[in-house]
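Data block for start_13.cif (mmCIF, C-alpha atoms):
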```
data_start
#
loop_
_atom_site.label_atom_id
_atom_site.label_comp_id
_atom_site.auth_asym_id
_atom_site.auth_seq_id
_atom_site.Cartn_x
_atom_site.Cartn_y
_atom_site.Cartn_z
CA MET I 1 0.00 0.00 0.00
CA ALA I 2 1.25 3.50 -0.76
CA ASP I 3 2.52 5.68 2.07
CA ALA I 4 -0.10 7.77 3.77
CA LYS I 5 0.15 11.49 3.16
CA VAL I 6 -1.72 14.64 4.10
CA ILE I 7 -4.42 15.71 1.69
CA PRO I 8 -7.22 18.29 2.01
CA PHE I 9 -10.59 16.80 2.92
CA ASP I 10 -12.77 19.79 1.95
CA ASP I 11 -13.90 18.56 -1.47
CA ASP I 12 -14.90 15.08 -0.38
CA ARG I 13 -16.63 16.26 2.75
CA SER I 14 -18.72 18.71 0.80
CA ARG I 15 -19.90 15.88 -1.38
CA SER I 16 -20.68 13.58 1.55
CA GLY I 17 -22.48 16.07 3.76
CA GLY I 18 -25.87 15.56 5.37
CA ALA I 19 -29.07 15.55 3.40
CA PRO I 20 -30.46 19.00 2.55
CA ARG I 21 -33.81 20.00 3.89
CA SER I 22 -36.79 19.42 1.62
CA ALA I 23 -38.47 22.52 0.19
CA ARG I 24 -41.81 23.31 1.78
CA ARG I 25 -44.64 25.48 0.47
CA ARG I 26 -45.88 28.23 2.75
CA SER I 27 -49.12 30.18 2.49
CA GLY I 28 -48.44 33.70 1.33
CA ALA I 29 -44.99 32.84 -0.06
CA GLY I 30 -44.43 33.19 -3.76
CA PRO I 31 -43.08 30.37 -5.92
CA ALA I 32 -39.76 32.19 -6.30
CA VAL I 33 -38.84 31.26 -2.71
CA GLY I 34 -39.10 27.53 -3.33
CA THR I 35 -37.36 27.63 -6.71
CA ALA I 36 -34.54 29.81 -5.42
CA ALA I 37 -33.93 27.37 -2.61
CA LEU I 38 -33.91 24.49 -5.06
CA SER I 39 -31.45 26.24 -7.33
CA ALA I 40 -29.08 26.64 -4.38
CA LEU I 41 -29.16 22.95 -3.41
CA PRO I 42 -25.81 21.15 -3.73
CA GLY I 43 -25.53 18.27 -6.15
CA GLN I 44 -26.77 20.39 -9.10
CA LEU I 45 -30.33 19.13 -9.08
CA ASP I 46 -32.45 20.18 -12.00
CA ALA I 47 -35.17 22.45 -10.57
CA THR I 48 -36.88 23.15 -13.93
CA PRO I 49 -39.68 20.53 -13.59
CA VAL I 50 -40.39 21.79 -10.10
CA GLN I 51 -40.52 25.42 -11.24
CA GLU I 52 -43.01 24.51 -13.95
CA ALA I 53 -45.15 22.63 -11.46
CA VAL I 54 -45.16 25.59 -9.08
CA GLN I 55 -46.01 28.09 -11.79
CA GLY I 56 -48.71 25.77 -13.11
CA GLY I 57 -50.36 25.56 -9.69
CA GLY I 58 -49.44 21.91 -9.15
CA GLU I 59 -48.36 20.19 -5.95
CA PRO I 60 -44.58 19.89 -6.25
CA VAL I 61 -43.69 18.95 -2.65
CA GLU I 62 -43.51 15.19 -3.18
CA GLY I 63 -41.50 15.57 -6.35
CA VAL I 64 -39.08 17.94 -4.65
CA GLN I 65 -38.54 15.47 -1.84
CA ASP I 66 -37.79 12.71 -4.33
CA GLU I 67 -35.25 14.91 -6.09
CA VAL I 68 -33.59 15.80 -2.79
CA ARG I 69 -33.42 12.15 -1.72
CA ARG I 70 -31.84 11.13 -4.99
CA GLY I 71 -29.31 13.95 -4.73
CA SER I 72 -28.51 13.00 -1.14
CA TRP I 73 -27.92 9.36 -2.01
CA ASP I 74 -25.76 10.38 -4.98
CA ARG I 75 -23.57 12.47 -2.71
CA ARG I 76 -23.34 9.72 -0.10
CA ILE I 77 -22.30 7.16 -2.70
CA ALA I 78 -19.77 9.56 -4.20
CA GLY I 79 -18.35 10.32 -0.75
CA GLY I 80 -18.16 6.62 0.10
CA LEU I 81 -16.34 5.79 -3.13
CA ALA I 82 -13.91 8.66 -2.55
CA PHE I 83 -13.28 7.36 0.98
CA LEU I 84 -12.55 3.84 -0.32
CA ARG I 85 -10.24 5.23 -3.00
CA ARG I 86 -8.20 7.07 -0.38
CA ARG I 87 -7.95 3.93 1.79
CA VAL I 88 -6.72 1.85 -1.16
CA THR I 89 -4.21 4.40 -2.44
CA GLY I 90 -2.98 5.47 1.02
CA GLU I 91 -3.98 9.10 0.51
CA TYR I 92 -4.99 9.74 4.10
CA GLU I 93 -3.37 11.22 7.18
CA VAL I 94 -2.12 9.24 10.19
CA ASP I 95 -0.29 10.96 13.05
CA GLU I 96 2.79 9.74 14.90
CA PHE I 97 0.66 7.64 17.27
CA GLY I 98 -1.24 5.91 14.46
CA TYR I 99 -4.40 8.00 14.87
CA ASP I 100 -6.54 8.04 11.73
CA LYS I 101 -8.99 10.92 12.11
CA GLU I 102 -10.92 10.26 8.90
CA LEU I 103 -11.45 6.56 9.67
CA THR I 104 -12.47 7.40 13.25
CA ASP I 105 -15.00 10.06 12.22
CA GLN I 106 -16.56 8.26 9.26
CA VAL I 107 -16.43 4.61 10.37
CA LEU I 108 -15.57 3.93 14.00
CA MET I 109 -17.73 6.70 15.48
CA SER I 110 -20.61 5.71 13.20
CA MET I 111 -20.39 2.14 14.50
CA LEU I 112 -20.38 3.23 18.16
CA ARG I 113 -23.04 5.93 17.85
CA PRO I 114 -26.13 3.60 17.73
CA MET I 115 -25.01 1.93 20.97
CA TYR I 116 -24.35 5.35 22.51
CA GLU I 117 -27.65 6.96 21.42
CA LYS I 118 -30.15 4.09 21.28
CA TYR I 119 -28.85 1.30 23.52
CA PHE I 120 -27.29 3.10 26.50
CA ARG I 121 -29.11 6.42 25.84
CA VAL I 122 -26.20 8.39 27.26
CA GLU I 123 -26.97 11.73 28.90
CA VAL I 124 -24.06 14.17 29.05
CA ARG I 125 -23.71 16.99 31.58
CA GLY I 126 -21.05 19.65 32.09
CA ILE I 127 -19.54 19.38 28.62
CA GLU I 128 -18.70 23.10 28.86
CA ASN I 129 -16.04 22.22 31.46
CA ILE I 130 -13.85 20.83 28.67
CA PRO I 131 -11.91 23.75 27.14
CA SER I 132 -12.57 24.69 23.52
CA ASP I 133 -8.89 24.58 22.65
CA GLY I 134 -5.61 23.58 24.19
CA GLY I 135 -4.75 20.48 26.17
CA ALA I 136 -6.88 19.00 28.95
CA LEU I 137 -6.72 15.78 30.97
CA ILE I 138 -10.06 14.05 31.61
CA VAL I 139 -9.91 11.68 34.59
CA ALA I 140 -12.83 9.23 34.86
CA ASN I 141 -13.94 6.23 36.91
CA HIS I 142 -13.63 2.84 35.23
CA SER I 143 -16.15 -0.02 35.39
CA GLY I 144 -18.24 -2.52 33.49
CA THR I 145 -16.09 -5.70 33.17
CA LEU I 146 -15.38 -4.75 29.53
CA PRO I 147 -14.08 -1.21 28.83
CA LEU I 148 -17.12 0.07 26.94
CA ASP I 149 -17.16 3.15 29.18
CA GLY I 150 -14.02 4.45 27.50
CA LEU I 151 -15.57 4.13 24.05
CA MET I 152 -18.81 5.82 25.11
CA LEU I 153 -16.78 8.60 26.72
CA GLN I 154 -15.00 9.14 23.42
CA VAL I 155 -18.30 9.52 21.56
CA ALA I 156 -19.70 11.79 24.30
CA VAL I 157 -16.84 14.29 23.98
CA HIS I 158 -16.85 14.36 20.18
CA ASP I 159 -20.61 14.56 19.65
CA ASN I 160 -21.47 17.01 22.43
CA HIS I 161 -18.58 19.44 22.59
CA PRO I 162 -19.26 22.62 20.56
CA ALA I 163 -15.79 22.36 19.02
CA GLY I 164 -16.23 18.65 18.21
CA ARG I 165 -13.07 17.76 20.11
CA HIS I 166 -11.55 14.28 19.94
CA LEU I 167 -10.65 12.33 23.07
CA ARG I 168 -7.33 10.49 23.03
CA LEU I 169 -7.58 7.66 25.55
CA LEU I 170 -4.65 6.13 27.42
CA ALA I 171 -5.04 2.34 27.34
CA ALA I 172 -3.41 -0.57 29.18
CA ASP I 173 -0.65 -2.72 27.67
CA LEU I 174 -3.10 -5.60 27.12
CA VAL I 175 -5.02 -3.58 24.53
CA PHE I 176 -1.93 -3.32 22.32
CA VAL I 177 -1.05 -7.01 22.31
CA LEU I 178 -4.47 -8.27 21.23
CA PRO I 179 -4.81 -8.89 17.48
CA VAL I 180 -7.26 -6.62 15.63
CA VAL I 181 -7.98 -4.70 18.87
CA ASN I 182 -4.46 -3.28 18.77
CA GLU I 183 -4.87 -1.87 15.26
CA LEU I 184 -8.34 -0.46 15.91
CA ALA I 185 -7.21 1.18 19.15
CA ARG I 186 -4.34 2.93 17.38
CA LYS I 187 -6.59 4.07 14.54
CA ALA I 188 -9.13 5.45 17.06
CA GLY I 189 -6.46 7.61 18.72
CA HIS I 190 -5.72 5.49 21.79
CA THR I 191 -2.14 5.17 22.98
CA LEU I 192 -0.17 3.44 25.68
CA ALA I 193 -0.83 4.66 29.22
CA CYS I 194 2.63 6.06 29.86
CA ALA I 195 3.63 9.53 31.05
CA GLU I 196 5.75 10.30 27.97
CA ASP I 197 2.98 9.71 25.42
CA ALA I 198 0.39 11.50 27.56
CA GLU I 199 2.59 14.55 28.01
CA ARG I 200 3.35 14.78 24.28
CA LEU I 201 -0.34 14.69 23.43
CA LEU I 202 -1.21 17.29 26.05
CA ARG I 203 1.52 19.65 24.85
CA GLN I 204 0.13 19.28 21.32
CA GLY I 205 -3.20 20.63 22.61
CA GLU I 206 -5.10 17.32 22.65
CA VAL I 207 -7.84 16.24 25.07
CA VAL I 208 -6.48 13.13 26.79
CA GLY I 209 -8.54 10.66 28.81
CA VAL I 210 -7.27 8.44 31.60
CA MET I 211 -8.99 5.98 33.97
CA PRO I 212 -6.56 5.55 36.88
CA GLU I 213 -8.41 2.60 38.44
CA GLY I 214 -7.34 0.40 35.53
CA PHE I 215 -8.21 -3.29 35.78
CA LYS I 216 -9.02 -2.85 39.47
CA GLY I 217 -11.98 -0.73 38.39
CA ILE I 218 -13.47 -2.74 35.55
CA GLY I 219 -12.76 -6.08 37.26
CA LYS I 220 -14.24 -5.37 40.68
CA PRO I 221 -17.18 -7.44 41.99
CA PHE I 222 -20.73 -6.20 41.47
CA GLY I 223 -21.12 -5.74 45.22
CA GLU I 224 -18.47 -3.00 45.13
CA ARG I 225 -20.03 -1.04 42.28
CA TYR I 226 -19.51 2.73 42.29
CA LYS I 227 -16.85 2.45 44.99
CA LEU I 228 -13.71 3.92 43.49
CA GLN I 229 -10.58 1.82 43.70
CA ARG I 230 -7.09 3.17 44.31
CA PHE I 231 -5.93 5.80 41.79
CA GLY I 232 -2.38 4.53 41.55
CA ARG I 233 0.52 6.78 42.51
CA GLY I 234 -0.84 9.98 40.99
CA GLY I 235 1.14 9.78 37.76
CA PHE I 236 -1.66 11.51 35.85
CA VAL I 237 -1.38 14.53 38.16
CA SER I 238 2.36 14.76 37.56
CA THR I 239 1.77 14.64 33.80
CA ALA I 240 -0.85 17.40 33.96
CA LEU I 241 1.47 19.57 36.08
CA ARG I 242 4.35 19.20 33.64
CA ALA I 243 2.11 20.04 30.67
CA GLY I 244 0.32 22.84 32.56
CA VAL I 245 -3.16 21.67 31.52
CA PRO I 246 -6.39 21.51 33.58
CA ILE I 247 -7.65 18.25 35.05
CA VAL I 248 -11.34 17.60 34.35
CA PRO I 249 -12.94 15.01 36.71
CA CYS I 250 -15.54 12.81 35.01
CA SER I 251 -18.16 10.56 36.62
CA ILE I 252 -19.87 7.77 34.66
CA VAL I 253 -23.04 6.14 35.99
CA GLY I 254 -24.64 3.16 34.25
CA ALA I 255 -21.58 1.21 33.13
CA GLU I 256 -21.32 -0.77 36.39
CA GLU I 257 -24.49 -2.75 35.62
CA ILE I 258 -23.90 -3.78 31.98
CA TYR I 259 -22.10 -6.99 33.06
CA PRO I 260 -22.84 -7.67 36.77
CA MET I 261 -19.69 -9.53 37.82
CA ILE I 262 -20.64 -12.06 40.49
CA GLY I 263 -17.50 -14.19 40.28
CA ASN I 264 -13.97 -14.43 38.93
CA ALA I 265 -12.46 -17.65 37.57
CA LYS I 266 -8.89 -16.82 38.62
CA THR I 267 -7.36 -20.11 37.46
CA LEU I 268 -8.81 -19.71 33.99
CA ALA I 269 -7.68 -16.08 33.95
CA ARG I 270 -4.07 -17.14 34.68
CA VAL I 271 -4.20 -19.75 31.91
CA LEU I 272 -5.48 -17.17 29.41
CA GLY I 273 -3.07 -14.49 30.62
CA VAL I 274 -5.78 -11.94 31.44
CA PRO I 275 -6.31 -9.97 34.67
CA TYR I 276 -9.61 -11.69 35.44
CA PHE I 277 -12.20 -14.00 33.89
CA PRO I 278 -15.66 -12.64 34.71
CA ILE I 279 -18.64 -14.73 35.70
CA THR I 280 -21.97 -12.93 35.34
CA PRO I 281 -25.61 -14.08 35.55
CA THR I 282 -25.51 -14.68 31.77
CA PHE I 283 -21.84 -15.44 30.99
CA PRO I 284 -20.54 -18.05 30.30
CA TRP I 285 -23.83 -19.89 30.83
CA LEU I 286 -25.52 -18.50 27.71
CA GLY I 287 -22.43 -18.63 25.52
CA PRO I 288 -22.01 -15.73 23.05
CA LEU I 289 -25.46 -14.42 23.99
CA GLY I 290 -24.18 -13.86 27.52
CA ALA I 291 -21.65 -11.35 26.18
CA VAL I 292 -24.45 -8.92 25.22
CA PRO I 293 -24.41 -6.02 27.72
CA LEU I 294 -27.54 -5.06 29.61
CA PRO I 295 -29.24 -1.91 28.20
CA THR I 296 -28.67 0.36 31.18
CA LYS I 297 -29.24 4.12 31.15
CA TRP I 298 -26.00 6.08 31.33
CA THR I 299 -25.10 9.52 32.63
CA ILE I 300 -21.70 11.10 32.04
CA GLN I 301 -20.93 14.26 33.99
CA PHE I 302 -17.82 16.41 33.57
CA GLY I 303 -16.93 18.34 36.71
CA GLU I 304 -15.30 21.67 37.31
CA PRO I 305 -11.73 21.69 35.93
CA ILE I 306 -8.84 21.81 38.36
CA PRO I 307 -6.17 24.21 37.00
CA THR I 308 -2.49 23.26 37.19
CA ASP I 309 -0.82 26.10 35.30
CA GLY I 310 -0.36 28.14 38.50
CA TYR I 311 2.16 25.73 40.00
CA PRO I 312 5.95 26.05 39.53
CA VAL I 313 7.81 23.62 37.27
CA GLU I 314 9.29 21.69 40.18
CA ALA I 315 5.77 21.00 41.55
CA ALA I 316 5.57 17.86 39.38
CA GLU I 317 8.24 16.31 41.63
CA ASP I 318 6.47 17.13 44.90
CA PRO I 319 4.94 13.84 46.20
CA MET I 320 2.74 15.59 48.78
CA LEU I 321 1.21 17.90 46.17
CA MET I 322 0.57 14.98 43.83
CA PHE I 323 -1.08 13.04 46.65
CA ASN I 324 -3.32 15.98 47.57
CA LEU I 325 -4.40 16.68 43.97
CA THR I 326 -4.98 12.98 43.30
CA ASP I 327 -7.15 12.74 46.40
CA GLN I 328 -9.03 15.90 45.38
CA VAL I 329 -9.84 14.49 41.93
CA ARG I 330 -10.84 11.11 43.36
CA GLU I 331 -13.13 12.64 46.00
CA GLN I 332 -14.80 14.89 43.43
CA ILE I 333 -15.54 11.93 41.16
CA GLN I 334 -16.81 9.79 44.07
CA HIS I 335 -19.05 12.57 45.40
CA THR I 336 -20.55 13.13 41.94
CA LEU I 337 -21.18 9.39 41.52
CA TYR I 338 -23.17 9.29 44.76
CA LYS I 339 -25.10 12.39 43.73
CA LEU I 340 -26.01 10.91 40.32
CA LEU I 341 -27.04 7.61 41.90
CA VAL I 342 -29.43 9.39 44.23
CA GLN I 343 -30.94 11.31 41.31
CA ARG I 344 -31.50 8.43 38.89
CA ARG I 345 -34.92 6.80 38.84
CA SER I 346 -33.91 3.37 37.59
CA VAL I 347 -30.94 1.41 36.30
CA PHE I 348 -32.65 1.04 32.93
CA PHE I 349 -34.67 4.29 32.58
#
```
How would this structure read if it were set down as structure tokens?
Amino acid sequence: MADAKVIPFDDDRSRSGGAPRSARRRSGAGPAVGTAALSALPGQLDATPVQEAVQGGGEPVEGVQDEVRRGSWDRRIAGGLAFLRRRVTGEYEVDEFGYDKELTDQVLMSMLRPMYEKYFRVEVRGIENIPSDGGALIVANHSGTLPLDGLMLQVAVHDNHPAGRHLRLLAADLVFVLPVVNELARKAGHTLACAEDAERLLRQGEVVGVMPEGFKGIGKPFGERYKLQRFGRGGFVSTALRAGVPIVPCSIVGAEEIYPMIGNAKTLARVLGVPYFPITPTFPWLGPLGAVPLPTKWTIQFGEPIPTDGYPVEAAEDPMLMFNLTDQVREQIQHTLYKLLVQRRSVFF
């Protein structure tokens, strides 16, 4: 395959944009309004038959809608073919971490969005606490047996932030040794959870996401749901201090119940080389069907950012400061989790 290179996306995006609104007739409005709108539609639709119908006193609305639909499908097909051509020829951009923005926006996000919108029905609060530009470190709780919360968090930031920002998640080593998963994670913008990579991304002005609980969070028993585990040694705080970016606490409610973990087959986990092997009310008893998550109702809330740019450079080496800031972030997330749990009516609604 040819080497990837940077190319402008403007032309192809204009062809693959959303469907234009259908023209509507209004009482008191002359036919020139409808025909002018039709003439301005992208895709170079022929508005002549519609103009004649309007001037002749006909009912052109249905015909206009058909024309618009055909034009919309033509543009979608053209955009899809252009996308495939770029994938085959290598004419697309990939950054130094392997992040493929075009593939993420047009394919991966589109695959996750139905689960986000229809299945988990995610409600997002406090999105304005994520800055419109510049670096920021989002610190969230981790749960759910499988790390679907990270993927839903990625969609939440991109689809709800006014600037359409992309979240670059820090993932565990295991993610990057699994076949297929490794490649998809890189393409989606995820990178290894190490201080060097995180700091480079933050200094480049990216929004970086970290879940300090790690496997202790997603692998905890169902009886300990919404009880935050240890946040490590505060490495994320040190990284934020060195980069001088704000820390945005994030609380996720709903992910704990998608796979209620009632047991852990530790022997089998050691054989497979994984941190834990979950046993839930449906898995492994129902086979592949037991791997379907429960359709819980999610809420993701971003808290008030904690600034770090006011500290001196040497603050990143102060263990007491890191401990205090880590504890502050953890307590803010835990308090918000309890608050959201009190407010929610049901696990599923």
Inset, instruction - Just say which residues the PyMOL selection byres ((chain I and resi 246) around 12) picks in this file, as a VMD selection string. - result: chain I and resid 129 to 131 133 to 139 202 to 203 205 to 208 236 to 245 247 to 249 303 to 311 325 329
Using all atoms listed in the file, find each residue of segment 146-195 of chain I with at least one atom at most 10 Å away from an atom of segment 218-225 of chain I; report its shortest atom-to-atom pair and that distance in Å (one decimal), sort the rows by chain and rising residue number, and return the result as a Markdown table.
```
| residue | atom | partner | partner_atom | distance |
| --- | --- | --- | --- | --- |
| I:Leu146 | CA | I:Ile218 | CA | 6.6 |
| I:Pro147 | CA | I:Ile218 | CA | 6.9 |
| I:Leu148 | CA | I:Ile218 | CA | 9.8 |
| I:Asp149 | CA | I:Ile218 | CA | 9.4 |
```
Legend entry - Chain and number of each residue from the PyMOL selection byres ((chain I and resi 195) around 10), as number ranges by chain: I: 170, 192-194, 196-200, 235-236, 238-240
Inset, instruction - For Glu128 of chain I, work out the shell of residues within 10 Å, counting all atoms listed in the file and skipping chain neighbours fewer than 4 positions away, then give it as number ranges by chain. - result: I: 132, 160-162, 302-304
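Distances from I:Phe215, I:Phe83, I:Tyr99, I:Phe283 to His166 of chain I were compared using all atoms listed in the file, and the smallest one belongs to I:Tyr99.
One distance worth recording is that between atom CA of Leu340 of chain I and atom CA of Ile262 of chain I, which is 23.6 Å.
The gap separating atom CA of Ala171 of chain I from atom CA of Gly217 of chain I is 13.4 Å, in Å to one decimal.
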Restrict the calculation to only C-alpha atoms, then for each residue of segment 272-299 of chain I with any atom at most 9 Å from an atom of segment 264-267 of chain I give the closest atom pair and their distance in Å to one decimal, rows by chain and rising residue number, as CSV.
```
residue,atom,partner,partner_atom,distance
I:Leu272,CA,I:Thr267,CA,8.8
I:Pro275,CA,I:Lys266,CA,8.3
I:Tyr276,CA,I:Lys266,CA,6.1
I:Phe277,CA,I:Ala265,CA,5.2
I:Pro278,CA,I:Asn264,CA,4.9
I:Ile279,CA,I:Asn264,CA,5.7
I:Thr280,CA,I:Asn264,CA,8.9
```
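One finds atom CA of Lys227 of chain I at 21.8 Å from atom CA of Phe349 of chain I.
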Evaluating the PyMOL selection byres ((chain I and resi 106) around 12) on the displayed file yields which residues, as a PDB file with C-alpha atoms, in the coordinates of the input?
```pdb
ATOM      1  CA  ASP I  12     -14.900  15.080  -0.380  1.00  0.00           C
ATOM      2  CA  ARG I  13     -16.630  16.260   2.750  1.00  0.00           C
ATOM      3  CA  SER I  16     -20.680  13.580   1.550  1.00  0.00           C
ATOM      4  CA  GLY I  17     -22.480  16.070   3.760  1.00  0.00           C
ATOM      5  CA  ARG I  76     -23.340   9.720  -0.100  1.00  0.00           C
ATOM      6  CA  GLY I  79     -18.350  10.320  -0.750  1.00  0.00           C
ATOM      7  CA  GLY I  80     -18.160   6.620   0.100  1.00  0.00           C
ATOM      8  CA  PHE I  83     -13.280   7.360   0.980  1.00  0.00           C
ATOM      9  CA  LEU I  84     -12.550   3.840  -0.320  1.00  0.00           C
ATOM     10  CA  ASP I 100      -6.540   8.040  11.730  1.00  0.00           C
ATOM     11  CA  LYS I 101      -8.990  10.920  12.110  1.00  0.00           C
ATOM     12  CA  GLU I 102     -10.920  10.260   8.900  1.00  0.00           C
ATOM     13  CA  LEU I 103     -11.450   6.560   9.670  1.00  0.00           C
ATOM     14  CA  THR I 104     -12.470   7.400  13.250  1.00  0.00           C
ATOM     15  CA  ASP I 105     -15.000  10.060  12.220  1.00  0.00           C
ATOM     16  CA  VAL I 107     -16.430   4.610  10.370  1.00  0.00           C
ATOM     17  CA  LEU I 108     -15.570   3.930  14.000  1.00  0.00           C
ATOM     18  CA  MET I 109     -17.730   6.700  15.480  1.00  0.00           C
ATOM     19  CA  SER I 110     -20.610   5.710  13.200  1.00  0.00           C
ATOM     20  CA  MET I 111     -20.390   2.140  14.500  1.00  0.00           C
ATOM     21  CA  LEU I 112     -20.380   3.230  18.160  1.00  0.00           C
ATOM     22  CA  ARG I 113     -23.040   5.930  17.850  1.00  0.00           C
ATOM     23  CA  ALA I 188      -9.130   5.450  17.060  1.00  0.00           C
TER      24      ALA I 188
END
```
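Proximity of I:Asp327, I:Gln301, I:Gly144, I:Arg70 to Pro260 of chain I, computed with only C-alpha atoms, is greatest for I:Gly144.
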Inset, instruction - May I have the residues within 12 Å of Asp95 of chain I as a count of residues only, using only C-alpha atoms and disregarding those fewer than 3 positions away in the same chain? - result: 17
